[in-house]
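The next block is entry.tsv, given as TSV, C-alpha atoms.
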```
chain	number	residue	atom	x	y	z
A	1	MET	CA	9.89	100.41	119.93
A	2	ALA	CA	6.63	101.61	121.41
A	3	THR	CA	5.01	105.00	121.86
A	4	ILE	CA	4.19	105.48	125.55
A	5	LEU	CA	1.89	108.06	127.08
A	6	SER	CA	3.05	108.95	130.60
A	7	VAL	CA	0.10	110.45	132.49
A	8	SER	CA	0.43	112.32	135.78
A	9	GLY	CA	-2.86	112.70	137.64
A	10	SER	CA	-1.44	115.06	140.24
A	11	PRO	CA	-2.98	118.52	140.66
A	12	SER	CA	0.26	119.93	142.10
A	13	ALA	CA	2.85	121.86	140.07
A	14	THR	CA	5.55	120.56	142.43
A	15	SER	CA	4.25	117.02	142.37
A	16	ARG	CA	6.45	114.12	143.49
A	17	THR	CA	4.24	111.90	141.34
A	18	ALA	CA	4.99	113.87	138.16
A	19	ARG	CA	8.70	114.08	138.99
A	20	LEU	CA	8.81	110.34	139.56
A	21	LEU	CA	7.06	109.71	136.24
A	22	ARG	CA	9.46	111.99	134.36
A	23	HIS	CA	12.35	110.09	136.00
A	24	LEU	CA	10.92	106.77	134.78
A	25	ASP	CA	10.23	108.33	131.35
A	26	GLU	CA	13.99	108.81	130.98
A	27	ARG	CA	14.57	105.11	131.57
A	28	LEU	CA	11.89	104.13	129.05
A	29	THR	CA	13.32	106.56	126.49
A	30	ALA	CA	16.80	105.06	127.02
A	31	GLN	CA	15.25	101.66	126.30
A	32	GLY	CA	14.19	102.90	122.88
A	33	HIS	CA	10.61	103.99	123.48
A	34	GLU	CA	9.10	107.31	122.50
A	35	VAL	CA	7.59	108.79	125.68
A	36	ILE	CA	4.99	111.55	125.60
A	37	PRO	CA	4.33	113.19	128.99
A	38	LEU	CA	0.84	114.39	129.89
A	39	ASP	CA	0.25	116.32	133.11
A	40	VAL	CA	-3.52	116.33	133.53
A	41	ARG	CA	-3.27	119.51	135.64
A	42	THR	CA	-2.32	121.41	132.45
A	43	LEU	CA	-5.68	120.65	130.82
A	44	PRO	CA	-8.33	123.38	131.12
A	45	PRO	CA	-10.18	122.90	134.42
A	46	GLU	CA	-13.46	124.07	132.94
A	47	ALA	CA	-13.27	121.42	130.22
A	48	LEU	CA	-12.60	118.69	132.80
A	49	LEU	CA	-15.23	119.82	135.30
A	50	GLN	CA	-17.93	120.54	132.74
A	51	ALA	CA	-17.25	117.26	130.89
A	52	ASP	CA	-16.58	119.12	127.65
A	53	PHE	CA	-15.83	116.16	125.40
A	54	GLY	CA	-15.47	118.47	122.40
A	55	HIS	CA	-12.91	120.84	123.93
A	56	PRO	CA	-9.78	120.87	121.74
A	57	ALA	CA	-7.48	120.09	124.70
A	58	ILE	CA	-9.61	117.09	125.70
A	59	ALA	CA	-9.70	115.91	122.08
A	60	ARG	CA	-5.88	116.18	121.92
A	61	ALA	CA	-5.54	114.20	125.15
A	62	ALA	CA	-7.88	111.50	123.81
A	63	ALA	CA	-5.83	111.39	120.60
A	64	LEU	CA	-2.65	110.85	122.65
A	65	PHE	CA	-4.27	107.86	124.35
A	66	GLU	CA	-5.37	106.51	120.98
A	67	GLN	CA	-1.87	106.81	119.47
A	68	ALA	CA	-0.04	105.24	122.40
A	69	GLU	CA	0.81	101.55	122.54
A	70	GLY	CA	1.59	101.77	126.24
A	71	VAL	CA	0.29	104.03	129.01
A	72	VAL	CA	1.91	104.77	132.36
A	73	VAL	CA	-0.63	106.20	134.79
A	74	GLY	CA	0.70	107.87	137.92
A	75	THR	CA	-1.40	109.36	140.67
A	76	PRO	CA	-1.09	110.59	144.21
A	77	VAL	CA	-3.41	108.73	146.56
A	78	TYR	CA	-6.01	110.82	148.36
A	79	LYS	CA	-8.56	109.21	150.71
A	80	ALA	CA	-7.48	105.71	149.58
A	81	ALA	CA	-8.14	106.41	145.88
A	82	TYR	CA	-6.56	107.94	142.81
A	83	SER	CA	-6.87	111.69	142.30
A	84	GLY	CA	-10.13	113.33	141.28
A	85	LEU	CA	-8.22	115.12	138.53
A	86	LEU	CA	-7.24	111.78	137.00
A	87	LYS	CA	-10.82	110.56	137.39
A	88	ALA	CA	-12.12	113.63	135.55
A	89	LEU	CA	-9.86	112.88	132.57
A	90	LEU	CA	-10.59	109.14	132.52
A	91	ASP	CA	-14.33	109.94	132.53
A	92	LEU	CA	-13.91	112.03	129.36
A	93	LEU	CA	-12.08	109.35	127.40
A	94	PRO	CA	-13.93	106.85	125.23
A	95	GLN	CA	-15.10	103.77	127.16
A	96	TYR	CA	-12.47	101.56	125.53
A	97	ALA	CA	-9.63	104.10	125.28
A	98	LEU	CA	-7.10	101.49	126.46
A	99	VAL	CA	-8.06	98.63	124.12
A	100	GLY	CA	-4.98	96.74	122.99
A	101	LYS	CA	-2.64	98.78	125.18
A	102	THR	CA	-0.24	97.79	127.92
A	103	VAL	CA	-0.70	99.82	131.10
A	104	LEU	CA	1.57	100.45	134.10
A	105	PRO	CA	-0.24	101.87	137.16
A	106	LEU	CA	1.84	103.82	139.69
A	107	ALA	CA	0.86	105.69	142.84
A	108	THR	CA	2.46	107.83	145.51
A	109	GLY	CA	1.19	108.56	148.98
A	110	GLY	CA	2.00	109.41	152.54
A	111	SER	CA	1.06	106.15	154.23
A	112	THR	CA	1.35	102.42	153.66
A	113	ALA	CA	-2.33	102.32	154.59
A	114	HIS	CA	-2.99	103.34	150.98
A	115	VAL	CA	-0.76	100.79	149.27
A	116	LEU	CA	-3.75	98.82	147.97
A	117	ALA	CA	-5.21	101.86	146.19
A	118	ILE	CA	-3.62	100.67	142.95
A	119	ASP	CA	-5.34	97.28	143.07
A	120	TYR	CA	-8.67	98.31	144.60
A	121	ALA	CA	-9.25	101.75	143.09
A	122	LEU	CA	-7.08	102.40	140.02
A	123	ARG	CA	-6.72	98.96	138.43
A	124	PRO	CA	-10.50	98.31	138.16
A	125	VAL	CA	-11.19	101.57	136.31
A	126	LEU	CA	-8.23	100.96	133.99
A	127	ALA	CA	-9.39	97.37	133.38
A	128	SER	CA	-12.87	98.64	132.46
A	129	MET	CA	-11.26	100.57	129.61
A	130	GLY	CA	-10.14	97.36	127.86
A	131	PRO	CA	-6.35	97.20	127.98
A	132	ALA	CA	-4.61	94.13	126.60
A	133	HIS	CA	-2.43	93.95	129.71
A	134	ILE	CA	-2.04	95.79	133.01
A	135	THR	CA	1.43	95.09	134.34
A	136	PRO	CA	2.18	94.97	138.07
A	137	GLY	CA	2.20	98.49	139.48
A	138	TRP	CA	3.99	100.09	142.39
A	139	PHE	CA	3.09	102.37	145.30
A	140	THR	CA	5.90	104.69	146.45
A	141	LEU	CA	5.81	106.44	149.80
A	142	ASP	CA	6.25	110.20	149.64
A	143	LYS	CA	9.10	109.94	152.16
A	144	ASP	CA	11.00	107.74	149.68
A	145	ILE	CA	11.02	110.52	147.05
A	146	THR	CA	13.40	113.42	147.62
A	147	VAL	CA	13.83	116.41	145.35
A	148	GLY	CA	17.11	118.29	145.72
A	149	ASP	CA	17.49	122.07	145.55
A	150	ASP	CA	18.73	121.62	141.97
A	151	GLY	CA	15.63	119.60	141.04
A	152	THR	CA	17.34	116.21	141.01
A	153	LEU	CA	15.18	113.33	142.10
A	154	THR	CA	16.36	110.67	144.51
A	155	VAL	CA	14.33	107.58	145.32
A	156	ALA	CA	15.12	105.50	148.40
A	157	PRO	CA	17.01	102.31	147.42
A	158	GLY	CA	14.25	99.75	148.10
A	159	SER	CA	11.62	101.76	146.26
A	160	ALA	CA	14.03	102.63	143.45
A	161	GLU	CA	14.80	98.97	142.83
A	162	ALA	CA	11.11	98.02	142.80
A	163	LEU	CA	10.23	100.91	140.47
A	164	LEU	CA	12.95	99.91	138.03
A	165	GLN	CA	11.70	96.33	138.10
A	166	VAL	CA	8.06	97.23	137.31
A	167	THR	CA	9.19	99.75	134.69
A	168	ASP	CA	11.39	97.14	133.02
A	169	GLN	CA	8.55	94.59	133.10
A	170	PHE	CA	6.31	97.16	131.41
A	171	SER	CA	9.02	97.89	128.82
A	172	ALA	CA	9.54	94.19	128.17
A	173	ALA	CA	5.79	93.75	127.64
A	174	LEU	CA	6.09	96.44	124.95
A	175	GLY	CA	9.24	94.94	123.42
A	176	GLY	CA	11.79	97.21	125.12
A	177	ARG	CA	15.52	96.68	125.57
A	178	THR	CA	15.56	96.17	129.33
A	179	THR	CA	18.72	94.08	129.43
A	180	LEU	CA	20.86	96.92	128.08
A	181	LEU	CA	20.20	98.99	131.17
A	182	ALA	CA	20.08	96.30	133.83
A	183	ALA	CA	23.41	97.41	135.31
A	184	THR	CA	22.62	101.15	135.23
A	185	GLY	CA	19.66	100.94	137.70
```
Structure re-expressed in structure tokens:
Amino acid sequence: MATILSVSGSPSATSRTARLLRHLDERLTAQGHEVIPLDVRTLPPEALLQADFGHPAIARAAALFEQAEGVVVGTPVYKAAYSGLLKALLDLLPQYALVGKTVLPLATGGSTAHVLAIDYALRPVLASMGPAHITPGWFTLDKDITVGDDGTLTVAPGSAEALLQVTDQFSAALGGRTTLLAATG
């Protein structure tokens, strides 16, 4: 199976985006993939803002991209675009950091007015980095993501079904065992 880098571009420690990604990571792991989470907010801010390509944390992040066969990129949508934090990291990666990789773009946001942010903001920058394939992505409304007091994540049924479908398509593109978990949605 494939090695997948699961990247959260959210600046928030209590991010719905990151929680949603970690939820989908579990599904991908159950399908036989090795999933490596990367929360961009944990990288040193000074390295990101000063474009310190040589900083050890930035070099490690770039190495994770290089090693991965698949990349899931999740971001909250702000002002109809992906997060500035994600942009700062993508700017520090080599121009063709996604060459040969399969990519799944995901976004969360407060309004359906931002649903096209994946296709008009995120997908073009990802495509410029040379991936072999960008699978269909999904935008999830914040109101469809609930975190319980115990930390459990619940996704509204319509969004949950769509997320599982795009995740399984991504897994299949990487050679995952999606049929084994079809009934466990």
At most 12 Å is the cut-off: for each residue in stretch 106-173 of chain A with any atom that close to an atom of stretch 32-52 of chain A, write down the nearest atom pair and the distance in Å rounded to one decimal, counting only C-alpha atoms, chain first then increasing number, as JSON lines.
```
{"residue": "A:Asp168", "atom": "CA", "partner": "A:His33", "partner_atom": "CA", "distance": 11.8}
{"residue": "A:Phe170", "atom": "CA", "partner": "A:His33", "partner_atom": "CA", "distance": 11.3}
{"residue": "A:Ser171", "atom": "CA", "partner": "A:His33", "partner_atom": "CA", "distance": 8.3}
{"residue": "A:Ala172", "atom": "CA", "partner": "A:His33", "partner_atom": "CA", "distance": 10.9}
```
Nearby residues (only C-alpha atoms) at most 12 Å from A:Val99, same-chain spacing under 4 positions excluded, as a list in words
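Once the nearby chain positions are removed, what remains is Phe65, Glu66, Gln67, Ala68, Glu69, Gly70, Val71, Leu93, Pro94, Gln95, Val103, Leu126, Ala127, Ser128, Met129, Gly130, Pro131, Ala132, His133 and Ile134 of chain A.
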Shortest interatomic distance to A:Leu28 - which of A:Ser10, A:Ile4, A:Gly109, A:Ala156, counting all atoms listed in the file
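For A:Leu28, the nearest of the candidates is A:Ile4.
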How many Å separate atom CA of A:Leu85 from atom CA of A:Arg27?
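So the answer is 25.8 Å.
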Determine the nearest neighbour of A:Met1 from the options A:Val77, A:Arg123, A:Thr29, A:Ala13, counting all atoms listed in the file.
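Distance minimum relative to A:Met1 lands on A:Thr29.
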Padding 6 Å on each side, edges along x, y and z: where is the centre of the box around the listed atoms of stretch 83-96 of chain A, and how long are its edges in Å to one decimal? Output it as AutoDock Vina command-line options.
```
--center_x -11.0 --center_y 108.3 --center_z 133.8 --size_x 20.2 --size_y 25.6 --size_z 29.1
```
Would you please work out which residue, of A:Leu164, A:Leu174, A:Ala30, A:Leu20, is nearest to A:Thr108 when using all atoms listed in the file?
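Distance minimum relative to A:Thr108 lands on A:Leu20.
Atom CA of A:Ala61 to atom CA of A:Thr135 spans 22.3 Å [interatomic distance, one decimal].
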Report, in Å with one decimal, the straight-line distance from atom CA of A:Thr112 to atom CA of A:Glu161.
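Separating atom CA of A:Thr112 from atom CA of A:Glu161 is a distance of 17.6 Å.
Residues surrounding A:Gly110 within 10 Å are A:Pro76, A:Val77, A:Tyr78, A:Ala113, A:His114, A:Val115, A:Thr140, A:Leu141, A:Asp142, A:Lys143, A:Asp144 [all atoms listed in the file; sequence separation below 3 positions excluded].
Between A:Leu64 and the residues A:Val125, A:Leu98, A:Leu86, A:Arg19, the shortest atom-to-atom distance, using only C-alpha atoms, involves A:Leu98.
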Looking at only C-alpha atoms, which of A:Ala173, A:Leu163, A:Pro157, A:Gly9 is the one that sits closest to A:Ser83?
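Of the candidates, the smallest distance to A:Ser83 is held by A:Gly9.
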